[in-house]
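J.: I have a structure here, written as structure tokens, and I will follow up with some questions on it.
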Amino acid sequence: MKDYDVCVIGSGAGGGPVAYTLAEAGYRVLVLEKGPWFTEKDFFKDEIVCCRRSVYTPELKDERHVLETPDGGGSWSAEPTSESGWDFWNGNCVGGSSNFMSGFFLRLKPDDFRLRSTYGAIAGANVVDWPIGYDELEPYYDKVEKLVGVSGKALPHPHADPRSSPDFPFPPTLEHPLADWLDRSCRDLDLHPLPTPRAILPAPALGRQGCAYSGYCGSYGCATGAKGSARAALLDKALASGRCELRPHSMVARLVGDARGQIAAVEYFDKDGRKQRVDARIYVVACQAVETARLLLRSTGPRHPKGLANRHGQVGRNLLFSAGGSGSGDLPYDHFTARQVDELKVFGPFLNRTLQDWYVIDDKALGGRVKGGSVEFLFQHPNPINRADRLKWGEDGLLWGEPLKRKLKAYFTGASHLRFEAFCDWLPTDDCRISLDPEVRDRWGLPVARVRAGYHPHDLKVGEYLAERSRAVLEHLGCVDVRSFVSGDPPSNLQAGGCRFGRDPKTSVLDPDCRAHGIDNLYVSDGSFMPTGGSVPYTFTIYANAFRVADQIVADLGGVRASRVKDRTG
């Protein structure tokens, strides 16, 4: 008899739905999480803890990556992140990076599932259609909204998502007065602003507290449980069922194959560095894109000499980040009436506005009809240390003393500061991928991931298009000193791809159910499955697909157990 029915490796947005669903269906589930187990009482609005120390993520000297970037001369430069300071860890703890997300929960659109057939091929990009369509994922988007807790308001819109439920299950979070300003400004420009759906409860529900509106959300853990992290929304309930066990501080070294090439066991290091072994009927990998590919590549054996599911060399290929750009502008108080200034100074509620008017772009400058993206409008993050640090430079170099004090005072007390984030497709290419570094090891002696982070020039063209039009919105609103940037640098908090799903084992790692080709008891349920990323943040889609995969696993195991039906009725 196996130790467990299902072993889930990773506890974030890809692992949480699987553990929850299988436990609810009556199966014995083990979740292995490399990081510690934090709860609401461990999360504080402390910028040093959150963002300037490695408290919720590993120390880079112990767990680094090696990043390859273009050197400008047609070759690549490689550097360990312990030296460069790049950090690809987004939340190394129970619940993963979903603890620290901003919670922008926008769906992919039908065209995102058929990018190649809708918009055509792009030279140098490995664009393909998905093996499933929007209709197959829509019920799971709906399920996430209800179970994880998504607040919002469905409004008519030229690019409105097809929905099986007429509206969101929870009303929007409290909105800042500036949201009305932004609505009016957008409508003046014939644009269609939308309330941003958020995986944040506006009031107590689902056994969790509502938002405290502290002003600190993105990058911070939620002290009330209002944010729909995998831990707060799903794992706590899975554990309460008595059928799910969670082991933190469990670093999985490899998946062990048997003589038939199926998975026979998991080997992992416990908190004390001792190697442990556990087995299950089905194994689910959900370590986030970079680490999932790394685990499969190092899980070699007689039947898998190049790594699990890597017979055709596809594991680690077609890695995705998120393209786009960012910009900001200032609203000086001396430009507005006293009443308007009072509104601008309100602190806590969300701006919560999205534009998707450029989700499809038809412009000769971009070659005709092309896929565009989404734009989120929000306030500058309130982190005071980070904001003050950016103000230390003047026209003639480093500022200090009285000039620095005056600049700090003007910035913090003389204006409100808006920004936008534009999201568009990071096209998959041969130059964005994961491999194992031949020399660098982590603290367990395991080879680290080598991340080649190449981008496609088309990404920058679309990103600049979105940035230009977003700047115009800020300027029309009354912002001054409006600036923006578009970069090919990978945003490390938005990872997907590397184990794309598809129907052909020669060009994909997983089948349409996210089961590894040729390995019947191995699934991947994090964002690695995505062949293209769309023009929205990934977490909502990862959640939805993980619920879809979980239902398939339940079916593979024989359906909902009779004992679970009995539990529900008595």
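Order determines the names: the first chain of the structure tokens is A, the second B, and so forth; residues in each chain are numbered 1 upward, and ligands are numbered 1 upward as they are shown.
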Please provide as a PDB file with C-alpha atoms, in the first residue's frame all residues within 7 Å of range 217-224 of chain A, with the sequence filter that same-chain residues fewer than 4 positions apart are discarded (counting only C-alpha atoms).
T.:
ATOM      1  CA  GLU A  40      -1.563  35.527   9.417  1.00  0.00           C
ATOM      2  CA  LYS A  41       0.165  36.246  12.723  1.00  0.00           C
ATOM      3  CA  PHE A  43       2.707  38.901   8.434  1.00  0.00           C
ATOM      4  CA  PHE A  44       3.430  42.528   9.294  1.00  0.00           C
ATOM      5  CA  LYS A  45       3.461  45.759   7.317  1.00  0.00           C
ATOM      6  CA  CYS A  50       8.957  42.199   3.541  1.00  0.00           C
ATOM      7  CA  ASN A  99       0.750  35.082  -0.192  1.00  0.00           C
ATOM      8  CA  PHE A 100       2.391  38.174  -1.638  1.00  0.00           C
ATOM      9  CA  MET A 101       0.501  38.816  -4.883  1.00  0.00           C
ATOM     10  CA  SER A 102      -1.428  42.000  -5.562  1.00  0.00           C
ATOM     11  CA  GLN A 209     -11.644  38.263   7.601  1.00  0.00           C
ATOM     12  CA  GLY A 210     -12.140  41.122   5.171  1.00  0.00           C
ATOM     13  CA  CYS A 211      -9.572  43.594   3.920  1.00  0.00           C
TER      14      CYS A 211
END
J.: Determine, counting only C-alpha atoms, which protein, DNA and RNA residues have an atom within 7 Å of an atom of range 142-159 of chain A; residues of the same chain fewer than 6 positions away are not included. Present the result as a list in words.
T.: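 Surrounding residues, per the criterion: Asp167, Phe168, Pro169, Phe170, Pro171, Pro172, Thr173, His192, Pro195, Thr196, Pro197, Arg198, Ala199, Ile200, Leu201, Gly228, Ala233, Gln356, Tyr543 and Ala544 of chain A.
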J.: Please report, as an MDAnalysis selection string, each residue of range 439-550 of chain A to which DSSP assigns strand (DSSP E or B) when run on this structure's backbone.
T.: chainID A and resid 439:441 447:453 480:485 496:497 501 510 515:516 522:524
J.: If we count only C-alpha atoms and set the cut-off at 10 Å, which residues sit around Ser117 in chain A, ignoring sequence neighbours fewer than 6 positions away in its own chain? Please answer as a ChimeraX atom specification.
T.: /A:111,127-129
J.: Please produce a file of the residues just selected, as an mmCIF file, in the first residue's frame, where the atoms kept are C-alpha atoms.
T.:
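Okay, this is what ended up in again_38.cif:
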data_model
loop_
_atom_site.group_PDB
_atom_site.id
_atom_site.type_symbol
_atom_site.label_atom_id
_atom_site.label_comp_id
_atom_site.auth_asym_id
_atom_site.auth_seq_id
_atom_site.Cartn_x
_atom_site.Cartn_y
_atom_site.Cartn_z
ATOM 1 C CA ASP A 111 -8.215 34.540 -28.419
ATOM 2 C CA VAL A 127 3.748 30.602 -30.728
ATOM 3 C CA VAL A 128 1.208 27.765 -30.696
ATOM 4 C CA ASP A 129 -2.478 27.363 -29.931
#
J.: For the atom pair CA of Phe412 in chain A and CA of Leu474 in chain A, what is the interatomic distance in Å to one decimal place?
T.: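 Value for the CA of Phe412 in chain A-CA of Leu474 in chain A distance: 19.4 Å.
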J.: Find, counting only C-alpha atoms, the residue in A:Phe377, A:Tyr283, A:Tyr134, A:Phe321 that gets nearest to Gly498 in chain A.
T.: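 Closest candidate: A:Phe321.
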J.: Listing only residues of range 419-499 of chain A within 12 Å of range 315-318 of chain A, what is the closest atom pair and its distance in Å (to one decimal) for each, using only C-alpha atoms, sorted by chain and residue number ascending, as CSV?
T.:
residue,atom,partner,partner_atom,distance
A:Trp426,CA,A:Asn318,CA,10.0
A:Leu427,CA,A:Asn318,CA,8.5
A:Pro428,CA,A:Asn318,CA,4.8
A:Thr429,CA,A:Asn318,CA,5.7
A:Asp430,CA,A:Asn318,CA,6.4
A:Asp431,CA,A:Asn318,CA,8.0
A:Cys432,CA,A:Asn318,CA,5.9
A:Arg433,CA,A:Arg317,CA,4.5
A:Ile434,CA,A:Gly316,CA,4.3
A:Ser435,CA,A:Gly316,CA,6.3
A:Leu436,CA,A:Gly316,CA,9.4
A:Ala449,CA,A:Gly316,CA,9.6
A:Arg450,CA,A:Gly316,CA,9.8
A:Val451,CA,A:Gly316,CA,9.1
A:Arg452,CA,A:Arg317,CA,9.8
A:Ala453,CA,A:Asn318,CA,10.3
A:Gly454,CA,A:Asn318,CA,10.3
A:Tyr455,CA,A:Asn318,CA,10.7
A:His456,CA,A:Asn318,CA,11.8
A:Gln495,CA,A:Asn318,CA,11.1
A:Ala496,CA,A:Asn318,CA,8.9
A:Gly497,CA,A:Asn318,CA,5.9
A:Gly498,CA,A:Gly316,CA,4.1
A:Cys499,CA,A:Val315,CA,5.4
J.: Just list the residues in range 222-295 of chain A DSSP gives helix (DSSP H, G or I) on the backbone, as a PyMOL selection string.
T.: chain A and resi 230-240+289-295
J.: Please produce an output containing N, CA and C atoms for each residue in the selection, written as a PDB file, in the first residue's frame.
T.:
ATOM      1  N   ALA A 230      -3.213  30.603  -1.598  1.00  0.00           N
ATOM      2  CA  ALA A 230      -3.499  29.173  -1.580  1.00  0.00           C
ATOM      3  C   ALA A 230      -3.550  28.648  -0.146  1.00  0.00           C
ATOM      4  N   ARG A 231      -2.761  29.237   0.715  1.00  0.00           N
ATOM      5  CA  ARG A 231      -2.754  28.792   2.113  1.00  0.00           C
ATOM      6  C   ARG A 231      -4.046  29.175   2.808  1.00  0.00           C
ATOM      7  N   ALA A 232      -4.417  30.455   2.743  1.00  0.00           N
ATOM      8  CA  ALA A 232      -5.591  30.928   3.485  1.00  0.00           C
ATOM      9  C   ALA A 232      -6.895  30.396   2.892  1.00  0.00           C
ATOM     10  N   ALA A 233      -6.966  30.334   1.551  1.00  0.00           N
ATOM     11  CA  ALA A 233      -8.235  29.990   0.910  1.00  0.00           C
ATOM     12  C   ALA A 233      -8.454  28.493   0.762  1.00  0.00           C
ATOM     13  N   LEU A 234      -7.371  27.713   0.620  1.00  0.00           N
ATOM     14  CA  LEU A 234      -7.530  26.307   0.250  1.00  0.00           C
ATOM     15  C   LEU A 234      -6.837  25.330   1.186  1.00  0.00           C
ATOM     16  N   LEU A 235      -5.568  25.574   1.491  1.00  0.00           N
ATOM     17  CA  LEU A 235      -4.822  24.587   2.267  1.00  0.00           C
ATOM     18  C   LEU A 235      -5.324  24.474   3.696  1.00  0.00           C
ATOM     19  N   ASP A 236      -5.716  25.586   4.289  1.00  0.00           N
ATOM     20  CA  ASP A 236      -6.260  25.517   5.649  1.00  0.00           C
ATOM     21  C   ASP A 236      -7.483  24.593   5.696  1.00  0.00           C
ATOM     22  N   LYS A 237      -8.313  24.643   4.654  1.00  0.00           N
ATOM     23  CA  LYS A 237      -9.505  23.795   4.608  1.00  0.00           C
ATOM     24  C   LYS A 237      -9.141  22.343   4.302  1.00  0.00           C
ATOM     25  N   ALA A 238      -8.152  22.149   3.439  1.00  0.00           N
ATOM     26  CA  ALA A 238      -7.708  20.787   3.154  1.00  0.00           C
ATOM     27  C   ALA A 238      -7.168  20.123   4.409  1.00  0.00           C
ATOM     28  N   LEU A 239      -6.405  20.873   5.173  1.00  0.00           N
ATOM     29  CA  LEU A 239      -5.846  20.326   6.417  1.00  0.00           C
ATOM     30  C   LEU A 239      -6.946  20.025   7.432  1.00  0.00           C
ATOM     31  N   ALA A 240      -7.961  20.878   7.471  1.00  0.00           N
ATOM     32  CA  ALA A 240      -9.060  20.670   8.418  1.00  0.00           C
ATOM     33  C   ALA A 240      -9.854  19.411   8.112  1.00  0.00           C
ATOM     34  N   ALA A 289       7.463  27.875 -12.185  1.00  0.00           N
ATOM     35  CA  ALA A 289       8.012  27.452 -13.469  1.00  0.00           C
ATOM     36  C   ALA A 289       9.503  27.104 -13.426  1.00  0.00           C
ATOM     37  N   VAL A 290      10.328  27.980 -12.891  1.00  0.00           N
ATOM     38  CA  VAL A 290      11.772  27.740 -12.908  1.00  0.00           C
ATOM     39  C   VAL A 290      12.122  26.491 -12.123  1.00  0.00           C
ATOM     40  N   GLU A 291      11.583  26.367 -10.918  1.00  0.00           N
ATOM     41  CA  GLU A 291      11.945  25.250 -10.052  1.00  0.00           C
ATOM     42  C   GLU A 291      11.305  23.932 -10.480  1.00  0.00           C
ATOM     43  N   THR A 292      10.134  23.984 -11.120  1.00  0.00           N
ATOM     44  CA  THR A 292       9.531  22.755 -11.642  1.00  0.00           C
ATOM     45  C   THR A 292      10.403  22.150 -12.732  1.00  0.00           C
ATOM     46  N   ALA A 293      10.846  22.973 -13.680  1.00  0.00           N
ATOM     47  CA  ALA A 293      11.731  22.469 -14.728  1.00  0.00           C
ATOM     48  C   ALA A 293      13.018  21.937 -14.124  1.00  0.00           C
ATOM     49  N   ARG A 294      13.548  22.642 -13.156  1.00  0.00           N
ATOM     50  CA  ARG A 294      14.789  22.202 -12.502  1.00  0.00           C
ATOM     51  C   ARG A 294      14.616  20.831 -11.860  1.00  0.00           C
ATOM     52  N   LEU A 295      13.500  20.614 -11.153  1.00  0.00           N
ATOM     53  CA  LEU A 295      13.268  19.328 -10.500  1.00  0.00           C
ATOM     54  C   LEU A 295      13.171  18.201 -11.522  1.00  0.00           C
TER      55      LEU A 295
END
J.: Find the distance between CA of Ala212 in chain A and CA of Val55 in chain A and write it in Å to one decimal.
T.: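 CA of Val55 in chain A lies 22.8 Å from CA of Ala212 in chain A.
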J.: Looking at A:Ala23, A:Leu522, A:Ala415, A:Val256, which one is nearest to Arg277 in chain A, with distances taken over only C-alpha atoms?
T.: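 Result for the nearest residue to Arg277 in chain A: A:Val256.
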J.: Near Phe379 in chain A, counting only C-alpha atoms, which residues have an atom at most 10 Å away, once you skip same-chain residues fewer than 4 positions from it, shown as a PyMOL selection string?
T.: chain A and resi 176+178+215+328-329+350-352+416-420
J.: The selected residues should be written to file as an mmCIF file, in the first residue's frame (atoms: C-alpha atoms).
T.:
data_model
loop_
_atom_site.group_PDB
_atom_site.id
_atom_site.type_symbol
_atom_site.label_atom_id
_atom_site.label_comp_id
_atom_site.auth_asym_id
_atom_site.auth_seq_id
_atom_site.Cartn_x
_atom_site.Cartn_y
_atom_site.Cartn_z
ATOM 1 C CA HIS A 176 -10.342 55.444 -3.696
ATOM 2 C CA LEU A 178 -9.482 58.990 -7.532
ATOM 3 C CA GLY A 215 -2.469 50.507 1.922
ATOM 4 C CA SER A 328 4.062 56.986 -13.390
ATOM 5 C CA GLY A 329 2.981 60.552 -12.901
ATOM 6 C CA PHE A 350 -7.706 50.643 -3.838
ATOM 7 C CA LEU A 351 -7.695 52.508 -7.141
ATOM 8 C CA ASN A 352 -8.810 49.270 -8.857
ATOM 9 C CA SER A 416 -0.025 61.942 -4.869
ATOM 10 C CA HIS A 417 1.750 59.561 -7.181
ATOM 11 C CA LEU A 418 0.053 57.305 -9.706
ATOM 12 C CA ARG A 419 1.475 54.554 -11.828
ATOM 13 C CA PHE A 420 0.409 52.060 -14.434
#
J.: With only C-alpha atoms as the basis for distance, which of A:Ser97, A:Ser326, A:Asn383, A:Asn310 is at the shortest distance from Tyr216 in chain A?
T.: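 Nearest to Tyr216 in chain A: A:Asn383.
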J.: So that I can check the surroundings of Leu331 in chain A, please list as a PyMOL selection string every protein, DNA and RNA residue that reaches within 10 Å of it, counting only C-alpha atoms and ignoring chain neighbours fewer than 2 positions away.
T.: chain A and resi 329+333-336+341+344+414-418+474-475+477-482
J.: Find the distance between CA of Trp130 in chain A and CA of Gly95 in chain A and write it in Å to one decimal.
T.: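 Separation of CA of Trp130 in chain A and CA of Gly95 in chain A: 27.2 Å.
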J.: I'd like the contact shell of Ile263 in chain A - 12 Å cut-off, only C-alpha atoms, skipping same-chain residues fewer than 4 positions apart - returned as a ChimeraX atom specification.
T.: /A:6-7,254-259,267,278-285,296,299-301,303-304,308-309,516,518-523
J.: Please produce an output containing N, CA, C and O atoms for each residue in the selection, written as a CSV table (one decimal), in the first residue's frame.
T.:
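Written out: selection.csv:
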chain,number,residue,atom,x,y,z
A,6,VAL,N,-2.0,10.8,-3.2
A,6,VAL,CA,-1.4,11.9,-4.0
A,6,VAL,C,-0.3,12.6,-3.2
A,6,VAL,O,-0.5,13.0,-2.0
A,7,CYS,N,0.8,12.9,-3.8
A,7,CYS,CA,1.9,13.7,-3.3
A,7,CYS,C,2.0,14.9,-4.1
A,7,CYS,O,2.3,14.9,-5.3
A,254,ARG,N,14.6,14.8,-5.7
A,254,ARG,CA,14.3,14.2,-7.0
A,254,ARG,C,13.1,13.3,-6.9
A,254,ARG,O,12.7,12.8,-5.8
A,255,LEU,N,12.5,13.0,-8.1
A,255,LEU,CA,11.4,12.0,-8.2
A,255,LEU,C,12.1,10.7,-8.8
A,255,LEU,O,12.9,10.8,-9.7
A,256,VAL,N,11.8,9.6,-8.1
A,256,VAL,CA,12.5,8.4,-8.5
A,256,VAL,C,11.6,7.6,-9.4
A,256,VAL,O,10.4,7.3,-9.1
A,257,GLY,N,12.2,7.1,-10.6
A,257,GLY,CA,11.4,6.3,-11.5
A,257,GLY,C,11.6,4.9,-11.3
A,257,GLY,O,12.6,4.4,-10.7
A,258,ASP,N,10.6,4.1,-11.7
A,258,ASP,CA,10.7,2.6,-11.6
A,258,ASP,C,11.2,2.0,-12.9
A,258,ASP,O,11.5,2.7,-13.9
A,259,ALA,N,11.2,0.7,-13.0
A,259,ALA,CA,11.7,0.0,-14.2
A,259,ALA,C,10.8,0.3,-15.4
A,259,ALA,O,11.3,0.2,-16.5
A,267,GLU,N,12.2,11.6,-3.1
A,267,GLU,CA,13.3,11.8,-2.1
A,267,GLU,C,13.4,13.2,-1.8
A,267,GLU,O,13.5,14.1,-2.7
A,278,VAL,N,9.2,9.0,0.4
A,278,VAL,CA,7.8,8.8,0.5
A,278,VAL,C,7.2,8.4,-0.8
A,278,VAL,O,7.8,8.8,-1.9
A,279,ASP,N,6.2,7.6,-0.8
A,279,ASP,CA,5.6,7.2,-2.1
A,279,ASP,C,4.1,7.5,-2.1
A,279,ASP,O,3.5,7.8,-1.1
A,280,ALA,N,3.5,7.5,-3.3
A,280,ALA,CA,2.1,7.8,-3.6
A,280,ALA,C,1.7,7.2,-4.9
A,280,ALA,O,2.5,6.7,-5.6
A,281,ARG,N,0.4,7.2,-5.1
A,281,ARG,CA,-0.1,6.7,-6.4
A,281,ARG,C,0.1,7.7,-7.5
A,281,ARG,O,0.4,7.3,-8.6
A,282,ILE,N,-0.1,8.9,-7.2
A,282,ILE,CA,0.0,10.0,-8.2
A,282,ILE,C,0.9,11.1,-7.6
A,282,ILE,O,0.8,11.4,-6.4
A,283,TYR,N,1.7,11.7,-8.4
A,283,TYR,CA,2.6,12.8,-8.0
A,283,TYR,C,2.3,14.1,-8.8
A,283,TYR,O,2.1,14.0,-10.0
A,284,VAL,N,2.3,15.2,-8.1
A,284,VAL,CA,1.9,16.5,-8.8
A,284,VAL,C,3.0,17.5,-8.5
A,284,VAL,O,3.3,17.7,-7.3
A,285,VAL,N,3.7,18.0,-9.5
A,285,VAL,CA,4.7,19.0,-9.3
A,285,VAL,C,4.2,20.4,-9.5
A,285,VAL,O,3.5,20.6,-10.6
A,296,LEU,N,12.4,18.4,-12.6
A,296,LEU,CA,12.3,17.4,-13.6
A,296,LEU,C,13.6,17.1,-14.3
A,296,LEU,O,14.0,15.9,-14.5
A,299,SER,N,15.8,14.9,-12.1
A,299,SER,CA,15.2,13.6,-11.7
A,299,SER,C,15.5,12.6,-12.8
A,299,SER,O,14.7,12.1,-13.6
A,300,THR,N,16.8,12.2,-13.0
A,300,THR,CA,17.2,11.3,-14.0
A,300,THR,C,17.1,9.9,-13.5
A,300,THR,O,17.0,9.6,-12.3
A,301,GLY,N,17.2,8.9,-14.5
A,301,GLY,CA,17.1,7.5,-14.2
A,301,GLY,C,17.3,6.7,-15.5
A,301,GLY,O,17.4,7.3,-16.6
A,303,ARG,N,15.3,5.0,-17.3
A,303,ARG,CA,14.3,5.3,-18.3
A,303,ARG,C,14.2,6.8,-18.7
A,303,ARG,O,13.5,7.1,-19.7
A,304,HIS,N,14.8,7.6,-17.9
A,304,HIS,CA,14.7,9.1,-18.2
A,304,HIS,C,16.1,9.7,-18.0
A,304,HIS,O,16.4,10.4,-17.1
A,308,LEU,N,13.0,13.7,-16.2
A,308,LEU,CA,11.6,13.3,-16.4
A,308,LEU,C,10.9,14.0,-17.5
A,308,LEU,O,11.0,15.3,-17.6
A,309,ALA,N,10.2,13.3,-18.3
A,309,ALA,CA,9.3,13.9,-19.4
A,309,ALA,C,10.1,14.7,-20.4
A,309,ALA,O,9.6,15.5,-21.1
A,516,ALA,N,2.3,14.2,-17.6
A,516,ALA,CA,3.5,14.1,-18.4
A,516,ALA,C,3.3,13.0,-19.5
A,516,ALA,O,2.9,12.0,-19.2
A,518,GLY,N,3.9,10.0,-21.4
A,518,GLY,CA,4.6,8.7,-21.2
A,518,GLY,C,4.7,8.4,-19.7
A,518,GLY,O,5.3,7.3,-19.4
A,519,ILE,N,4.3,9.3,-18.8
A,519,ILE,CA,4.4,9.0,-17.4
A,519,ILE,C,3.0,9.1,-16.8
A,519,ILE,O,2.6,10.2,-16.5
A,520,ASP,N,2.3,8.0,-16.6
A,520,ASP,CA,0.9,8.1,-16.3
A,520,ASP,C,0.6,8.7,-14.9
A,520,ASP,O,-0.5,9.2,-14.7
A,521,ASN,N,1.5,8.6,-14.0
A,521,ASN,CA,1.2,9.1,-12.6
A,521,ASN,C,2.0,10.4,-12.2
A,521,ASN,O,2.2,10.6,-11.1
A,522,LEU,N,2.3,11.2,-13.2
A,522,LEU,CA,3.0,12.4,-13.0
A,522,LEU,C,2.3,13.6,-13.7
A,522,LEU,O,2.0,13.5,-14.9
A,523,TYR,N,1.9,14.6,-12.9
A,523,TYR,CA,1.2,15.8,-13.4
A,523,TYR,C,2.0,17.0,-13.0
A,523,TYR,O,2.8,17.0,-12.0
J.: With distances taken over only C-alpha atoms, which of A:Trp358, A:Tyr56, A:Phe104, A:Trp89 is nearest to Leu466 in chain A?
T.: A:Trp358
